[in-house]
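Undergrad: As input, take input_33.csv (CSV, C-alpha atoms):
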```csv
chain,number,residue,atom,x,y,z
A,1,MET,CA,0.0,0.0,0.0
A,2,THR,CA,1.5,3.3,-1.0
A,3,ALA,CA,1.5,6.3,1.3
A,4,VAL,CA,-0.7,9.3,0.6
A,5,LYS,CA,1.1,12.2,-1.0
A,6,THR,CA,1.3,15.4,0.9
A,7,ASN,CA,-0.7,17.4,-1.7
A,8,GLU,CA,-3.3,14.6,-1.9
A,9,ARG,CA,-4.3,14.4,1.8
A,10,PRO,CA,-8.0,14.6,2.6
A,11,GLY,CA,-9.2,17.8,4.2
A,12,THR,CA,-10.1,21.4,3.4
A,13,ARG,CA,-7.4,23.6,2.0
A,14,ALA,CA,-6.5,27.2,1.3
A,15,VAL,CA,-3.7,28.1,-1.2
A,16,LEU,CA,-1.6,31.3,-1.5
A,17,SER,CA,0.2,31.6,-4.9
A,18,SER,CA,3.2,33.6,-5.8
A,19,TYR,CA,3.8,35.5,-2.6
A,20,HIS,CA,7.0,37.6,-2.6
A,21,ALA,CA,9.0,35.7,-0.1
A,22,SER,CA,11.2,32.6,-0.2
A,23,ALA,CA,9.8,29.2,0.4
A,24,TYR,CA,12.5,28.6,3.0
A,25,LYS,CA,11.1,31.4,5.3
A,26,PHE,CA,7.6,29.9,5.1
A,27,ARG,CA,8.9,26.4,5.8
A,28,GLU,CA,10.5,27.5,9.1
A,29,VAL,CA,7.1,28.7,10.4
A,30,LEU,CA,5.0,25.9,8.9
A,31,ASN,CA,7.0,23.3,10.7
A,32,LEU,CA,5.9,24.8,14.0
A,33,ILE,CA,2.1,24.4,13.4
A,34,ARG,CA,2.0,21.2,11.5
A,35,GLY,CA,-0.2,18.6,13.4
A,36,ARG,CA,-1.4,21.2,15.9
A,37,ASP,CA,-5.0,22.0,16.7
A,38,ILE,CA,-6.4,25.4,15.5
A,39,LYS,CA,-6.2,27.2,18.8
A,40,THR,CA,-2.6,26.2,19.5
A,41,ALA,CA,-1.5,27.0,16.0
A,42,ARG,CA,-3.0,30.5,16.2
A,43,GLU,CA,-1.2,31.1,19.5
A,44,ILE,CA,2.1,30.0,18.0
A,45,LEU,CA,1.7,32.3,15.0
A,46,ALA,CA,0.7,35.2,17.2
A,47,GLY,CA,3.9,34.9,19.2
A,48,LEU,CA,6.2,35.0,16.2
A,49,GLU,CA,7.7,38.3,15.1
A,50,ARG,CA,7.9,37.4,11.4
A,51,GLU,CA,6.1,38.8,8.4
A,52,VAL,CA,5.3,35.3,7.0
A,53,ALA,CA,3.7,34.3,10.3
A,54,SER,CA,0.9,36.9,9.8
A,55,VAL,CA,0.5,35.7,6.2
A,56,ILE,CA,0.2,32.1,7.3
A,57,GLY,CA,-2.3,33.1,10.0
A,58,LYS,CA,-4.6,34.6,7.4
A,59,LEU,CA,-4.2,31.6,5.2
A,60,LEU,CA,-5.1,29.3,8.2
A,61,ASP,CA,-8.2,31.4,8.9
A,62,SER,CA,-9.2,31.0,5.3
A,63,ALA,CA,-8.9,27.2,5.5
A,64,VAL,CA,-10.9,27.1,8.7
A,65,ALA,CA,-13.6,29.2,7.2
A,66,ASN,CA,-13.8,26.9,4.2
A,67,ALA,CA,-14.1,23.9,6.5
A,68,VAL,CA,-16.8,25.5,8.6
A,69,ASN,CA,-18.9,26.9,5.8
A,70,ASN,CA,-18.4,24.3,3.1
A,71,ASP,CA,-17.9,21.0,5.0
A,72,ARG,CA,-20.0,21.9,8.1
A,73,ILE,CA,-17.2,21.0,10.5
A,74,SER,CA,-16.9,22.7,13.9
A,75,GLU,CA,-13.8,24.8,14.4
A,76,ASP,CA,-13.0,23.1,17.7
A,77,GLU,CA,-12.7,19.7,15.9
A,78,LEU,CA,-10.1,20.9,13.3
A,79,PHE,CA,-6.4,20.6,13.2
A,80,VAL,CA,-3.6,21.4,10.7
A,81,ALA,CA,-3.4,18.1,8.8
A,82,SER,CA,-0.7,19.3,6.4
A,83,CYS,CA,1.1,22.5,5.4
A,84,TYR,CA,3.9,23.1,2.9
A,85,ALA,CA,5.5,25.7,0.7
A,86,ASP,CA,6.7,25.3,-2.9
A,87,GLU,CA,9.0,27.5,-4.8
A,88,GLY,CA,7.3,29.9,-7.3
A,89,PRO,CA,8.8,31.8,-10.3
A,90,THR,CA,12.0,33.7,-9.6
A,91,MET,CA,12.3,37.2,-11.0
A,92,LYS,CA,15.8,38.0,-12.1
A,93,ARG,CA,17.1,41.5,-11.6
A,94,PHE,CA,20.5,43.1,-11.4
A,95,ARG,CA,22.3,45.8,-9.4
A,96,ALA,CA,25.0,48.0,-10.9
A,97,ARG,CA,28.5,47.3,-9.5
A,98,ALA,CA,32.0,48.7,-9.9
A,99,ARG,CA,33.8,48.8,-13.3
A,100,GLY,CA,30.6,48.4,-15.3
A,101,ARG,CA,29.7,45.0,-13.8
A,102,ALA,CA,26.2,43.9,-12.8
A,103,GLY,CA,25.3,41.9,-9.6
A,104,ALA,CA,22.5,39.3,-10.0
A,105,LEU,CA,19.4,39.7,-7.9
A,106,ARG,CA,16.9,36.8,-7.5
A,107,LYS,CA,13.5,37.8,-6.1
A,108,ARG,CA,12.0,34.5,-4.9
A,109,THR,CA,8.3,33.7,-4.7
A,110,ALA,CA,6.4,30.8,-3.0
A,111,HIS,CA,3.2,28.9,-3.2
A,112,VAL,CA,1.8,28.1,0.3
A,113,THR,CA,-0.8,25.5,1.1
A,114,VAL,CA,-2.6,24.8,4.4
A,115,ILE,CA,-4.9,21.8,4.8
A,116,VAL,CA,-7.1,21.4,7.8
A,117,ALA,CA,-9.1,18.2,8.7
A,118,ARG,CA,-11.3,16.8,11.5
A,119,MET,CA,-9.5,15.1,14.3
A,120,GLU,CA,-10.0,11.4,15.1
A,121,ASP,CA,-12.4,10.6,18.0
A,122,ASP,CA,-9.7,9.4,20.3
A,123,GLN,CA,-7.5,12.5,19.7
A,124,LEU,CA,-10.6,14.7,20.0
A,125,LYS,CA,-11.3,13.3,23.5
A,126,VAL,CA,-7.8,14.0,24.6
A,127,VAL,CA,-7.9,17.5,23.3
A,128,ARG,CA,-11.3,18.2,24.9
A,129,SER,CA,-10.2,16.8,28.3
A,130,LYS,CA,-7.1,19.0,28.2
A,131,ARG,CA,-9.1,22.1,27.4
A,132,ASP,CA,-11.6,21.3,30.2
A,133,ALA,CA,-8.8,20.9,32.7
A,134,GLU,CA,-7.2,24.2,31.6
A,135,GLU,CA,-10.6,26.0,31.9
A,136,ALA,CA,-11.1,24.5,35.4
A,137,ASN,CA,-7.7,25.7,36.5
A,138,ARG,CA,-8.3,29.1,35.1
A,139,ARG,CA,-11.7,29.3,36.8
A,140,ALA,CA,-10.1,28.2,40.1
A,141,ARG,CA,-7.4,30.8,40.0
A,142,ARG,CA,-10.0,33.5,39.2
A,143,VAL,CA,-12.1,32.5,42.2
A,144,ALA,CA,-9.1,32.3,44.5
A,145,ARG,CA,-8.0,35.8,43.4
A,146,THR,CA,-11.5,37.2,44.0
A,147,ARG,CA,-11.7,35.7,47.5
A,148,GLY,CA,-8.2,36.9,48.3
A,149,ASN,CA,-9.1,40.5,47.3
A,150,ALA,CA,-12.3,40.3,49.5
A,151,ALA,CA,-10.3,39.0,52.5
A,152,ALA,CA,-7.7,41.8,52.0
A,153,LYS,CA,-10.5,44.4,52.1
A,154,LYS,CA,-11.9,42.9,55.3
A,155,VAL,CA,-8.5,43.1,57.0
A,156,VAL,CA,-8.1,46.7,56.0
A,157,ALA,CA,-11.5,47.6,57.3
A,158,GLY,CA,-10.9,45.7,60.6
A,159,ASN,CA,-14.1,43.6,60.4
A,160,ASP,CA,-12.4,40.2,60.9
A,161,GLN,CA,-10.1,41.2,63.8
A,162,PRO,CA,-10.7,39.3,67.2
A,163,GLU,CA,-11.9,41.2,70.2
A,164,SER,CA,-8.6,40.7,72.1
A,165,VAL,CA,-6.7,42.5,69.3
A,166,LYS,CA,-9.2,45.4,69.3
A,167,ALA,CA,-8.9,45.7,73.2
A,168,VAL,CA,-5.1,45.9,73.0
A,169,GLU,CA,-5.3,48.6,70.3
A,170,ALA,CA,-7.8,50.6,72.4
A,171,GLU,CA,-5.5,50.5,75.5
A,172,THR,CA,-2.5,51.5,73.4
A,173,VAL,CA,-4.4,54.5,72.0
A,174,ALA,CA,-5.5,55.5,75.5
A,175,GLU,CA,-1.9,55.4,76.9
A,176,ILE,CA,-0.7,57.6,74.0
A,177,ALA,CA,-3.5,60.1,74.6
A,178,GLU,CA,-3.0,60.3,78.4
A,179,PRO,CA,-0.8,63.3,79.4
A,180,SER,CA,2.5,62.7,81.2
A,181,PRO,CA,2.7,63.8,84.9
A,182,GLU,CA,4.4,67.1,85.6
A,183,VAL,CA,7.7,67.2,87.3
A,184,GLU,CA,8.0,69.8,90.2
A,185,MET,CA,11.1,71.9,89.9
A,186,PRO,CA,12.8,73.2,93.2
A,187,VAL,CA,12.1,76.8,94.1
A,188,VAL,CA,15.2,79.0,94.4
A,189,GLU,CA,15.0,82.2,96.5
A,190,ALA,CA,16.2,85.6,95.2
A,191,ASP,CA,18.9,86.1,97.8
A,192,GLN,CA,20.5,82.8,97.0
A,193,VAL,CA,20.5,83.7,93.3
A,194,GLU,CA,22.2,87.1,94.0
A,195,GLU,CA,24.9,85.5,96.2
A,196,THR,CA,25.5,82.9,93.6
A,197,ASP,CA,25.9,85.5,90.9
A,198,ALA,CA,28.3,87.5,93.0
A,199,VAL,CA,30.4,84.5,93.7
A,200,GLU,CA,30.6,83.6,90.1
A,201,THR,CA,31.5,87.2,89.1
A,202,GLU,CA,34.3,87.4,91.6
A,203,ALA,CA,35.7,84.0,90.5
A,204,SER,CA,35.6,85.1,86.8
A,205,ARG,CA,37.4,88.4,87.5
A,206,GLY,CA,40.1,87.3,89.9
A,207,GLY,CA,40.6,83.8,88.4
A,208,GLN,CA,40.0,82.3,91.8
A,209,ASP,CA,38.2,79.1,92.6
A,210,ALA,CA,34.6,79.0,93.8
A,211,PRO,CA,35.3,78.2,97.5
A,212,GLU,CA,37.9,81.0,97.8
A,213,ALA,CA,35.6,83.6,96.3
A,214,ALA,CA,32.9,82.5,98.7
A,215,GLU,CA,35.2,83.1,101.7
A,216,VAL,CA,36.1,86.6,100.4
A,217,ALA,CA,32.5,87.5,100.1
A,218,ASP,CA,31.8,86.4,103.7
A,219,GLU,CA,34.7,88.5,105.1
A,220,ALA,CA,33.5,91.5,103.2
A,221,ALA,CA,30.1,91.1,104.7
A,222,GLU,CA,31.4,90.8,108.2
A,223,SER,CA,33.6,93.9,107.9
A,224,THR,CA,30.6,95.9,106.6
A,225,GLU,CA,28.5,94.8,109.6
A,226,SER,CA,31.2,95.7,112.1
A,227,GLN,CA,31.6,99.3,110.6
A,228,GLU,CA,27.8,99.8,110.8
A,229,GLU,CA,27.8,98.8,114.6
A,230,GLU,CA,30.7,101.3,115.3
A,231,ASN,CA,28.8,104.1,113.6
```
Translate the structure of the given file into structure tokens.
TA:
Amino acid sequence: MTAVKTNERPGTRAVLSSYHASAYKFREVLNLIRGRDIKTAREILAGLEREVASVIGKLLDSAVANAVNNDRISEDELFVASCYADEGPTMKRFRARARGRAGALRKRTAHVTVIVARMEDDQLKVVRSKRDAEEANRRARRVARTRGNAAAKKVVAGNDQPESVKAVEAETVAEIAEPSPEVEMPVVEADQVEETDAVETEASRGGQDAPEAAEVADEAAESTESQEEEN
């Protein structure tokens, strides 16, 4: 039994003829989506930063639309059965070079074909179970994120704090708000202040120590009292 040729595989196809790009550039991208389901193939093409990737994406959409409208096949059941690029006509041009020479330019073209077909029942079950698991995980993460945001809002509002924590916070606030007791400063009489100033002045003028200056001040006071008594 001979194998089925690539261009004779069953399925719905879309063909792009004589596009101005080399077949090599198309083949590098086509090798990434061959055998993939439609959703995965589109995600791969969307993540590629190449000009031919957008062209292949449009061609894939055309093949899927043909399968849905003409063959009445659901898009979720389709996969890329085959895809290939053939060389098209090459336009020959030249570029002027030094000393009157001409450099050859070859502008390549390519014919691109994408074939989509319905997946087998076993393969379809595997793909559907995988999609259901991904959707369940996505839903679980979304619910967990929503509950986490709600819990955070409750913590900020203080609705879910226990009574003991609230009591400790109230006591701390009361202690901070209570004024501190005043400290009584000792009262100094005016006479003591004058005597102290006099002693300090004498010590600064004569360069004497504080005890000697005090003795001098006492002697001066005694002499003054004795003169007053004689008078």
Undergrad: Could you state the separation of CA of Ala136 (chain A) and CA of Phe79 (chain A) in Å, given to one decimal place?
TA: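 Distance reported for this atom pair: 23.0 Å.
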Undergrad: Between CA of Arg42 (chain A) and CA of Leu124 (chain A), measure the distance and give it in Å to one decimal.
TA: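 So the answer is 17.9 Å.
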Undergrad: Between CA of Asp71 (chain A) and CA of Gly11 (chain A), what is the distance in Å, rounded to a tenth?
TA: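 Interatomic distance, CA of Asp71 (chain A) to CA of Gly11 (chain A): 9.3 Å.
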Undergrad: In terms of the shortest atom-to-atom distance over all atoms listed in the file, which of A:Asp37, A:Asn149, A:Val64, A:Arg93 is closest to Arg128 (chain A)?
TA: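 For Arg128 (chain A), the nearest of the candidates is A:Asp37.
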Undergrad: Name the residues in contact with region 21-24 of chain A at a cut-off of 12 Å, using all atoms listed in the file, excluding same-chain residues fewer than 2 positions from it; report them as an NGL selection string.
TA: :A and (16-19 or 26-31 or 50-53 or 55 or 84-91 or 106-113)
Undergrad: May I have the selected residues written with C-alpha atoms, as a short mmCIF file (atom, residue, chain, number, x, y, z; two decimals), in the frame of the given file?
TA:
```
data_model
loop_
_atom_site.label_atom_id
_atom_site.label_comp_id
_atom_site.auth_asym_id
_atom_site.auth_seq_id
_atom_site.Cartn_x
_atom_site.Cartn_y
_atom_site.Cartn_z
CA LEU A 16 -1.60 31.30 -1.50
CA SER A 17 0.20 31.60 -4.90
CA SER A 18 3.20 33.60 -5.80
CA TYR A 19 3.80 35.50 -2.60
CA PHE A 26 7.60 29.90 5.10
CA ARG A 27 8.90 26.40 5.80
CA GLU A 28 10.50 27.50 9.10
CA VAL A 29 7.10 28.70 10.40
CA LEU A 30 5.00 25.90 8.90
CA ASN A 31 7.00 23.30 10.70
CA ARG A 50 7.90 37.40 11.40
CA GLU A 51 6.10 38.80 8.40
CA VAL A 52 5.30 35.30 7.00
CA ALA A 53 3.70 34.30 10.30
CA VAL A 55 0.50 35.70 6.20
CA TYR A 84 3.90 23.10 2.90
CA ALA A 85 5.50 25.70 0.70
CA ASP A 86 6.70 25.30 -2.90
CA GLU A 87 9.00 27.50 -4.80
CA GLY A 88 7.30 29.90 -7.30
CA PRO A 89 8.80 31.80 -10.30
CA THR A 90 12.00 33.70 -9.60
CA MET A 91 12.30 37.20 -11.00
CA ARG A 106 16.90 36.80 -7.50
CA LYS A 107 13.50 37.80 -6.10
CA ARG A 108 12.00 34.50 -4.90
CA THR A 109 8.30 33.70 -4.70
CA ALA A 110 6.40 30.80 -3.00
CA HIS A 111 3.20 28.90 -3.20
CA VAL A 112 1.80 28.10 0.30
CA THR A 113 -0.80 25.50 1.10
#
```
Undergrad: Write out as an NGL selection string which residues come within 12 Å of Ala41 (chain A) when counting all atoms listed in the file, dropping same-chain ones fewer than 5 positions away.
TA: :A and (29-36 or 46-48 or 53-54 or 56-58 or 60-61 or 64 or 78-81 or 83 or 114 or 116)
Undergrad: Compare A:Thr40, A:Ser74, A:Ser62, A:Asn69 by their minimum atom-to-atom distance to Arg131 (chain A), counting only C-alpha atoms, and give me the closest one.
TA: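 Using only C-alpha atoms, the shortest distance to Arg131 (chain A) belongs to A:Thr40.
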